[in-house]
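Data from model-v4.pdb: PDB, C-alpha atoms, pLDDT in the B column
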```pdb
ATOM      1  CA  MET A  11      24.319 -20.227 -13.085  1.00 44.00           C
ATOM      2  CA  CYS A  12      23.493 -23.847 -12.224  1.00 41.00           C
ATOM      3  CA  VAL A  13      23.385 -23.056  -8.504  1.00 45.00           C
ATOM      4  CA  ARG A  14      21.155 -20.051  -9.176  1.00 51.00           C
ATOM      5  CA  ALA A  15      18.739 -22.050 -11.311  1.00 48.00           C
ATOM      6  CA  ARG A  16      18.539 -24.858  -8.786  1.00 50.00           C
ATOM      7  CA  THR A  17      18.027 -22.378  -5.968  1.00 63.00           C
ATOM      8  CA  TYR A  18      15.178 -20.439  -7.499  1.00 59.00           C
ATOM      9  CA  HIS A  19      13.548 -23.656  -8.712  1.00 66.00           C
ATOM     10  CA  SER A  20      13.621 -24.894  -5.105  1.00 70.00           C
ATOM     11  CA  LEU A  21      12.034 -21.654  -3.929  1.00 75.00           C
ATOM     12  CA  THR A  22       9.206 -21.955  -6.430  1.00 72.00           C
ATOM     13  CA  HIS A  23       8.698 -25.709  -6.526  1.00 67.00           C
ATOM     14  CA  SER A  24       5.082 -26.647  -7.173  1.00 57.00           C
ATOM     15  CA  THR A  25       4.704 -28.911  -4.142  1.00 62.00           C
ATOM     16  CA  SER A  26       6.922 -27.731  -1.300  1.00 64.00           C
ATOM     17  CA  THR A  27       7.801 -24.636   0.657  1.00 68.00           C
ATOM     18  CA  ASP A  28      10.383 -23.980   3.318  1.00 76.00           C
ATOM     19  CA  THR A  29      10.010 -20.576   4.945  1.00 81.00           C
ATOM     20  CA  ASN A  30      13.375 -20.790   6.703  1.00 83.00           C
ATOM     21  CA  TYR A  31      15.098 -21.527   3.395  1.00 82.00           C
ATOM     22  CA  LEU A  32      13.249 -18.636   1.776  1.00 84.00           C
ATOM     23  CA  LEU A  33      14.309 -16.227   4.525  1.00 85.00           C
ATOM     24  CA  ALA A  34      17.925 -17.387   4.318  1.00 85.00           C
ATOM     25  CA  PHE A  35      17.903 -17.069   0.541  1.00 86.00           C
ATOM     26  CA  LEU A  36      16.424 -13.565   0.541  1.00 90.00           C
ATOM     27  CA  MET A  37      19.005 -12.451   3.080  1.00 89.00           C
ATOM     28  CA  THR A  38      21.975 -13.849   1.139  1.00 89.00           C
ATOM     29  CA  PHE A  39      21.178 -13.876  -2.584  1.00 89.00           C
ATOM     30  CA  PRO A  40      22.676 -10.403  -3.218  1.00 91.00           C
ATOM     31  CA  THR A  41      26.079 -11.966  -2.540  1.00 90.00           C
ATOM     32  CA  PHE A  42      25.861 -14.040  -5.724  1.00 89.00           C
ATOM     33  CA  MET A  43      23.404 -12.169  -7.981  1.00 90.00           C
ATOM     34  CA  SER A  44      21.837  -8.760  -8.301  1.00 93.00           C
ATOM     35  CA  GLN A  45      18.227  -8.027  -7.423  1.00 94.00           C
ATOM     36  CA  THR A  46      17.542  -7.433 -11.116  1.00 94.00           C
ATOM     37  CA  GLU A  47      18.997 -10.827 -12.027  1.00 93.00           C
ATOM     38  CA  PHE A  48      16.815 -12.477  -9.392  1.00 92.00           C
ATOM     39  CA  LEU A  49      13.735 -10.663 -10.656  1.00 94.00           C
ATOM     40  CA  ASP A  50      14.554 -11.819 -14.190  1.00 93.00           C
ATOM     41  CA  LEU A  51      14.858 -15.411 -12.939  1.00 91.00           C
ATOM     42  CA  LEU A  52      11.451 -15.104 -11.279  1.00 92.00           C
ATOM     43  CA  ASP A  53      10.011 -13.871 -14.565  1.00 94.00           C
ATOM     44  CA  LYS A  54      11.593 -16.789 -16.384  1.00 92.00           C
ATOM     45  CA  ARG A  55      10.163 -19.207 -13.823  1.00 90.00           C
ATOM     46  CA  PHE A  56       6.713 -17.614 -14.004  1.00 91.00           C
ATOM     47  CA  ASN A  57       6.751 -17.937 -17.795  1.00 91.00           C
ATOM     48  CA  MET A  58       8.046 -21.494 -17.711  1.00 90.00           C
ATOM     49  CA  PRO A  59       7.809 -23.393 -21.004  1.00 91.00           C
ATOM     50  CA  LYS A  60       4.685 -25.369 -21.632  1.00 90.00           C
ATOM     51  CA  PRO A  61       4.769 -28.920 -22.992  1.00 91.00           C
ATOM     52  CA  LYS A  62       4.964 -29.167 -26.770  1.00 92.00           C
ATOM     53  CA  ASN A  63       1.844 -30.483 -28.496  1.00 93.00           C
ATOM     54  CA  PRO A  64       0.002 -31.656 -25.371  1.00 92.00           C
ATOM     55  CA  THR A  65      -3.410 -33.238 -25.487  1.00 94.00           C
ATOM     56  CA  LYS A  66      -6.205 -31.239 -23.836  1.00 94.00           C
ATOM     57  CA  GLY A  67      -5.940 -33.465 -20.782  1.00 94.00           C
ATOM     58  CA  GLN A  68      -2.170 -33.043 -20.564  1.00 94.00           C
ATOM     59  CA  ALA A  69      -2.474 -29.264 -20.948  1.00 93.00           C
ATOM     60  CA  ALA A  70      -5.114 -29.082 -18.219  1.00 93.00           C
ATOM     61  CA  ARG A  71      -3.062 -31.314 -15.903  1.00 94.00           C
ATOM     62  CA  PHE A  72       0.070 -29.254 -16.547  1.00 93.00           C
ATOM     63  CA  ALA A  73      -1.789 -26.034 -15.787  1.00 90.00           C
ATOM     64  CA  SER A  74      -3.412 -27.303 -12.597  1.00 90.00           C
ATOM     65  CA  GLN A  75      -0.497 -29.328 -11.199  1.00 91.00           C
ATOM     66  CA  LYS A  76       2.547 -27.346 -12.336  1.00 90.00           C
ATOM     67  CA  GLN A  77       1.955 -23.981 -13.995  1.00 90.00           C
ATOM     68  CA  ILE A  78      -0.562 -22.372 -11.628  1.00 87.00           C
ATOM     69  CA  PRO A  79       1.062 -23.645  -8.398  1.00 89.00           C
ATOM     70  CA  ILE A  80       4.472 -22.421  -9.576  1.00 88.00           C
ATOM     71  CA  GLN A  81       3.069 -19.057 -10.650  1.00 89.00           C
ATOM     72  CA  LEU A  82       1.422 -18.660  -7.261  1.00 87.00           C
ATOM     73  CA  ARG A  83       4.716 -19.561  -5.563  1.00 88.00           C
ATOM     74  CA  VAL A  84       6.475 -16.882  -7.626  1.00 89.00           C
ATOM     75  CA  PHE A  85       3.850 -14.366  -6.510  1.00 87.00           C
ATOM     76  CA  ASN A  86       4.160 -15.444  -2.876  1.00 87.00           C
ATOM     77  CA  LEU A  87       7.952 -15.280  -3.018  1.00 90.00           C
ATOM     78  CA  LEU A  88       7.742 -11.784  -4.461  1.00 91.00           C
ATOM     79  CA  LYS A  89       5.259 -10.709  -1.774  1.00 89.00           C
ATOM     80  CA  PHE A  90       7.584 -12.100   0.889  1.00 89.00           C
ATOM     81  CA  TRP A  91      10.581 -10.306  -0.642  1.00 93.00           C
ATOM     82  CA  ILE A  92       8.733  -6.985  -0.746  1.00 92.00           C
ATOM     83  CA  ASP A  93       7.453  -7.430   2.804  1.00 90.00           C
ATOM     84  CA  LYS A  94      10.759  -8.470   4.380  1.00 91.00           C
ATOM     85  CA  TYR A  95      13.239  -6.589   2.178  1.00 91.00           C
ATOM     86  CA  GLY A  96      11.198  -3.703   0.774  1.00 90.00           C
ATOM     87  CA  VAL A  97      14.237  -1.490   1.133  1.00 91.00           C
ATOM     88  CA  ASP A  98      15.625  -3.212  -2.002  1.00 92.00           C
ATOM     89  CA  PHE A  99      12.816  -1.610  -3.984  1.00 90.00           C
ATOM     90  CA  ALA A 100      12.896   1.724  -2.136  1.00 89.00           C
ATOM     91  CA  GLU A 101      16.631   2.131  -2.786  1.00 92.00           C
ATOM     92  CA  ASP A 102      16.372   1.139  -6.456  1.00 92.00           C
ATOM     93  CA  PRO A 103      13.339   2.747  -8.138  1.00 90.00           C
ATOM     94  CA  ALA A 104      14.211   1.027 -11.427  1.00 93.00           C
ATOM     95  CA  LEU A 105      13.880  -2.349  -9.684  1.00 94.00           C
ATOM     96  CA  GLY A 106      10.475  -1.361  -8.313  1.00 90.00           C
ATOM     97  CA  LYS A 107       9.335  -0.147 -11.725  1.00 90.00           C
ATOM     98  CA  ARG A 108      10.543  -3.350 -13.411  1.00 93.00           C
ATOM     99  CA  CYS A 109       8.784  -5.421 -10.773  1.00 91.00           C
ATOM    100  CA  ILE A 110       5.492  -3.574 -11.296  1.00 89.00           C
ATOM    101  CA  GLU A 111       5.797  -4.078 -15.077  1.00 91.00           C
ATOM    102  CA  LEU A 112       6.362  -7.806 -14.602  1.00 92.00           C
ATOM    103  CA  VAL A 113       3.458  -8.173 -12.192  1.00 89.00           C
ATOM    104  CA  GLU A 114       1.152  -6.326 -14.582  1.00 88.00           C
ATOM    105  CA  GLY A 115       2.216  -8.664 -17.391  1.00 89.00           C
ATOM    106  CA  TRP A 116       1.707 -11.705 -15.192  1.00 86.00           C
ATOM    107  CA  ILE A 117      -1.776 -10.520 -14.242  1.00 84.00           C
ATOM    108  CA  GLU A 118      -2.609 -10.048 -17.918  1.00 83.00           C
ATOM    109  CA  ALA A 119      -1.530 -13.623 -18.596  1.00 77.00           C
ATOM    110  CA  ASN A 120      -4.004 -15.025 -16.066  1.00 76.00           C
ATOM    111  CA  GLU A 121      -6.317 -12.388 -14.595  1.00 72.00           C
ATOM    112  CA  LYS A 122      -8.770 -14.932 -13.225  1.00 74.00           C
ATOM    113  CA  MET A 123      -6.238 -16.840 -11.094  1.00 73.00           C
ATOM    114  CA  LEU A 124      -3.684 -14.137 -10.354  1.00 76.00           C
ATOM    115  CA  GLY A 125      -5.468 -10.782 -10.464  1.00 76.00           C
ATOM    116  CA  LYS A 126      -6.181 -10.431  -6.750  1.00 76.00           C
ATOM    117  CA  THR A 127      -2.709 -11.519  -5.641  1.00 80.00           C
ATOM    118  CA  GLY A 128      -1.063  -9.406  -8.329  1.00 80.00           C
ATOM    119  CA  ASN A 129      -2.967  -6.318  -7.280  1.00 80.00           C
ATOM    120  CA  GLN A 130      -1.909  -6.910  -3.652  1.00 82.00           C
ATOM    121  CA  ILE A 131       1.723  -7.040  -4.783  1.00 84.00           C
ATOM    122  CA  LYS A 132       1.319  -3.817  -6.753  1.00 82.00           C
ATOM    123  CA  LEU A 133      -0.132  -2.082  -3.679  1.00 82.00           C
ATOM    124  CA  GLN A 134       2.707  -3.422  -1.559  1.00 80.00           C
ATOM    125  CA  LEU A 135       5.251  -2.100  -4.054  1.00 81.00           C
ATOM    126  CA  ASP A 136       3.560   1.281  -4.289  1.00 78.00           C
ATOM    127  CA  ARG A 137       3.980   1.686  -0.526  1.00 78.00           C
ATOM    128  CA  LYS A 138       7.684   0.740  -0.708  1.00 68.00           C
ATOM    129  CA  VAL A 139       8.717   2.661  -3.829  1.00 67.00           C
TER     130      VAL A 139
END
```
Full structure transcribed into structure tokens:
Amino acid sequence: MCVRARTYHSLTHSTSTDTNYLLAFLMTFPTFMSQTEFLDLLDKRFNMPKPKNPTKGQAARFASQKQIPIQLRVFNLLKFWIDKYGVDFAEDPALGKRCIELVEGWIEANEKMLGKTGNQIKLQLDRKV
């Protein structure tokens, strides 16, 4: 589990992206975890814990520098997965349904920042499922 956690944290880091790493990961991750497990890890990462008892300034800084960038990375990773490996969702309708449920919940959590991207993902999934 340590390798998995480190891997998905690297994929959704708030300050860096590596498209080649992402492509390699998406091609190989089914060898060490299921698609459902990966989706659950993305949900866990999206809903990362917030600091305990932060000041207003700390909460705002956390949201702008960590939470929102990471949530956007999760969305972008999911979009990339659906685009490049949409067959995963077409072959497993339960996975597609679970993904749509998660995206809808994520949009609810932050409609202002994530609504447009979330709706794009839902449309993408609808075409694949």
#### Entry: Selected residue of minimal separation from Lys89 (chain A) among A:Thr22, A:Gln75, A:Thr127, A:Asn63, counting only C-alpha atoms
A:Thr127
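With only C-alpha atoms as the atoms that count, the residue of A:Ala100, A:Ile80, A:Val113, A:Leu124 with the shortest distance to Asp50 (chain A) is A:Val113.
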### Task
Enumerate, as a VMD selection string, the residues matched when the PyMOL selection byres ((chain A and resi 33-46) around 10) is run on the file above.
chain A and resid 11 13 to 14 17 to 18 21 28 to 32 47 to 52 87 90 to 91 94 to 95 98 to 99 102 104 to 106 108 to 109
### Message
Quick one: residues within 12 Å of Asn129 (chain A), all atoms listed in the file, excluding same-chain residues fewer than 4 positions away - as a VMD selection string?
### Response
chain A and resid 85 89 110 to 118 121 to 125 133 to 136
Taking the file as shown, what set of residues would the PyMOL selection byres ((chain A and resi 58) around 12) give back, as a PDB file with C-alpha atoms, keeping the file's coordinate frame?
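Once everything was written out, this is out.pdb:
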```
ATOM      1  CA  HIS A  19      13.548 -23.656  -8.712  1.00 66.00           C
ATOM      2  CA  THR A  22       9.206 -21.955  -6.430  1.00 72.00           C
ATOM      3  CA  HIS A  23       8.698 -25.709  -6.526  1.00 67.00           C
ATOM      4  CA  LEU A  51      14.858 -15.411 -12.939  1.00 91.00           C
ATOM      5  CA  LEU A  52      11.451 -15.104 -11.279  1.00 92.00           C
ATOM      6  CA  ASP A  53      10.011 -13.871 -14.565  1.00 94.00           C
ATOM      7  CA  LYS A  54      11.593 -16.789 -16.384  1.00 92.00           C
ATOM      8  CA  ARG A  55      10.163 -19.207 -13.823  1.00 90.00           C
ATOM      9  CA  PHE A  56       6.713 -17.614 -14.004  1.00 91.00           C
ATOM     10  CA  ASN A  57       6.751 -17.937 -17.795  1.00 91.00           C
ATOM     11  CA  PRO A  59       7.809 -23.393 -21.004  1.00 91.00           C
ATOM     12  CA  LYS A  60       4.685 -25.369 -21.632  1.00 90.00           C
ATOM     13  CA  PRO A  61       4.769 -28.920 -22.992  1.00 91.00           C
ATOM     14  CA  PHE A  72       0.070 -29.254 -16.547  1.00 93.00           C
ATOM     15  CA  ALA A  73      -1.789 -26.034 -15.787  1.00 90.00           C
ATOM     16  CA  LYS A  76       2.547 -27.346 -12.336  1.00 90.00           C
ATOM     17  CA  GLN A  77       1.955 -23.981 -13.995  1.00 90.00           C
ATOM     18  CA  ILE A  78      -0.562 -22.372 -11.628  1.00 87.00           C
ATOM     19  CA  PRO A  79       1.062 -23.645  -8.398  1.00 89.00           C
ATOM     20  CA  ILE A  80       4.472 -22.421  -9.576  1.00 88.00           C
ATOM     21  CA  GLN A  81       3.069 -19.057 -10.650  1.00 89.00           C
ATOM     22  CA  VAL A  84       6.475 -16.882  -7.626  1.00 89.00           C
ATOM     23  CA  TRP A 116       1.707 -11.705 -15.192  1.00 86.00           C
TER      24      TRP A 116
END
```
### CA of Leu82 (chain A) to CA of Asn120 (chain A), distance in Å rounded to a single decimal
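Straight-line distance from CA of Leu82 (chain A) to CA of Asn120 (chain A) works out to 11.0 Å.
Distance-wise, CA of Gly128 (chain A) and CA of Ala70 (chain A) end up 22.4 Å apart.
Computed from the coordinates, the CA of Glu101 (chain A) to CA of Ser20 (chain A) distance equals 27.3 Å.
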With all heavy atoms as the goal, would you fill in the gaps in region 50-61 of chain A and present it as a short mmCIF file (atom, residue, chain, number, x, y, z; two decimals), in the frame of the given file?
```cif
data_model
loop_
_atom_site.label_atom_id
_atom_site.label_comp_id
_atom_site.auth_asym_id
_atom_site.auth_seq_id
_atom_site.Cartn_x
_atom_site.Cartn_y
_atom_site.Cartn_z
N ASP A 50 14.61 -11.21 -12.86
CA ASP A 50 14.55 -11.82 -14.19
C ASP A 50 14.38 -13.34 -14.11
O ASP A 50 13.66 -13.93 -14.91
CB ASP A 50 15.81 -11.48 -15.00
CG ASP A 50 15.86 -10.01 -15.42
OD1 ASP A 50 14.80 -9.34 -15.39
OD2 ASP A 50 16.96 -9.54 -15.77
N LEU A 51 15.03 -13.96 -13.13
CA LEU A 51 14.86 -15.41 -12.94
C LEU A 51 13.43 -15.74 -12.51
O LEU A 51 12.86 -16.74 -12.95
CB LEU A 51 15.85 -15.94 -11.91
CG LEU A 51 17.31 -16.04 -12.36
CD1 LEU A 51 18.20 -16.43 -11.19
CD2 LEU A 51 17.46 -17.02 -13.50
N LEU A 52 12.85 -14.89 -11.67
CA LEU A 52 11.45 -15.10 -11.28
C LEU A 52 10.53 -14.98 -12.49
O LEU A 52 9.59 -15.76 -12.64
CB LEU A 52 11.03 -14.11 -10.19
CG LEU A 52 11.65 -14.33 -8.82
CD1 LEU A 52 11.18 -13.24 -7.85
CD2 LEU A 52 11.32 -15.70 -8.28
N ASP A 53 10.82 -14.03 -13.34
CA ASP A 53 10.01 -13.87 -14.56
C ASP A 53 10.15 -15.10 -15.45
O ASP A 53 9.16 -15.62 -15.97
CB ASP A 53 10.44 -12.62 -15.33
CG ASP A 53 9.59 -12.36 -16.55
OD1 ASP A 53 8.35 -12.52 -16.48
OD2 ASP A 53 10.17 -11.98 -17.59
N LYS A 54 11.36 -15.58 -15.59
CA LYS A 54 11.59 -16.79 -16.38
C LYS A 54 10.84 -17.98 -15.80
O LYS A 54 10.23 -18.77 -16.52
CB LYS A 54 13.09 -17.08 -16.44
CG LYS A 54 13.47 -18.23 -17.31
CD LYS A 54 14.99 -18.40 -17.35
CE LYS A 54 15.36 -19.58 -18.21
NZ LYS A 54 16.81 -19.77 -18.28
N ARG A 55 10.86 -18.10 -14.48
CA ARG A 55 10.16 -19.21 -13.82
C ARG A 55 8.65 -19.07 -13.98
O ARG A 55 7.95 -20.04 -14.23
CB ARG A 55 10.55 -19.24 -12.34
CG ARG A 55 9.95 -20.39 -11.57
CD ARG A 55 10.53 -21.71 -11.99
NE ARG A 55 10.14 -22.73 -11.05
CZ ARG A 55 10.01 -24.00 -11.35
NH1 ARG A 55 10.29 -24.42 -12.57
NH2 ARG A 55 9.63 -24.88 -10.44
N PHE A 56 8.15 -17.85 -13.84
CA PHE A 56 6.71 -17.61 -14.00
C PHE A 56 6.27 -18.01 -15.41
O PHE A 56 5.22 -18.62 -15.59
CB PHE A 56 6.37 -16.14 -13.75
CG PHE A 56 4.90 -15.86 -13.79
CD1 PHE A 56 4.14 -15.96 -12.65
CD2 PHE A 56 4.27 -15.54 -14.99
CE1 PHE A 56 2.78 -15.72 -12.69
CE2 PHE A 56 2.92 -15.31 -15.03
CZ PHE A 56 2.16 -15.39 -13.87
N ASN A 57 7.07 -17.66 -16.39
CA ASN A 57 6.75 -17.94 -17.80
C ASN A 57 7.40 -19.23 -18.27
O ASN A 57 7.85 -19.32 -19.41
CB ASN A 57 7.19 -16.76 -18.68
CG ASN A 57 6.38 -15.53 -18.39
OD1 ASN A 57 5.16 -15.55 -18.43
ND2 ASN A 57 7.05 -14.44 -18.05
N MET A 58 7.42 -20.22 -17.40
CA MET A 58 8.05 -21.49 -17.71
C MET A 58 7.47 -22.09 -19.00
O MET A 58 6.30 -21.86 -19.31
CB MET A 58 7.86 -22.47 -16.56
CG MET A 58 6.41 -22.75 -16.24
SD MET A 58 6.23 -23.57 -14.66
CE MET A 58 6.01 -25.21 -15.22
N PRO A 59 8.29 -22.82 -19.74
CA PRO A 59 7.81 -23.39 -21.00
C PRO A 59 6.71 -24.42 -20.77
O PRO A 59 6.73 -25.18 -19.80
CB PRO A 59 9.04 -24.04 -21.62
CG PRO A 59 10.08 -24.06 -20.57
CD PRO A 59 9.67 -23.14 -19.47
N LYS A 60 5.78 -24.40 -21.67
CA LYS A 60 4.68 -25.37 -21.63
C LYS A 60 5.08 -26.59 -22.46
O LYS A 60 5.94 -26.50 -23.33
CB LYS A 60 3.42 -24.73 -22.21
CG LYS A 60 2.93 -23.55 -21.38
CD LYS A 60 1.77 -22.86 -22.06
CE LYS A 60 1.27 -21.70 -21.26
NZ LYS A 60 2.13 -20.55 -21.21
N PRO A 61 4.46 -27.73 -22.20
CA PRO A 61 4.77 -28.92 -22.99
C PRO A 61 4.43 -28.69 -24.47
O PRO A 61 3.49 -27.97 -24.79
CB PRO A 61 3.85 -30.00 -22.41
CG PRO A 61 3.34 -29.47 -21.13
CD PRO A 61 3.46 -27.99 -21.17
#
```
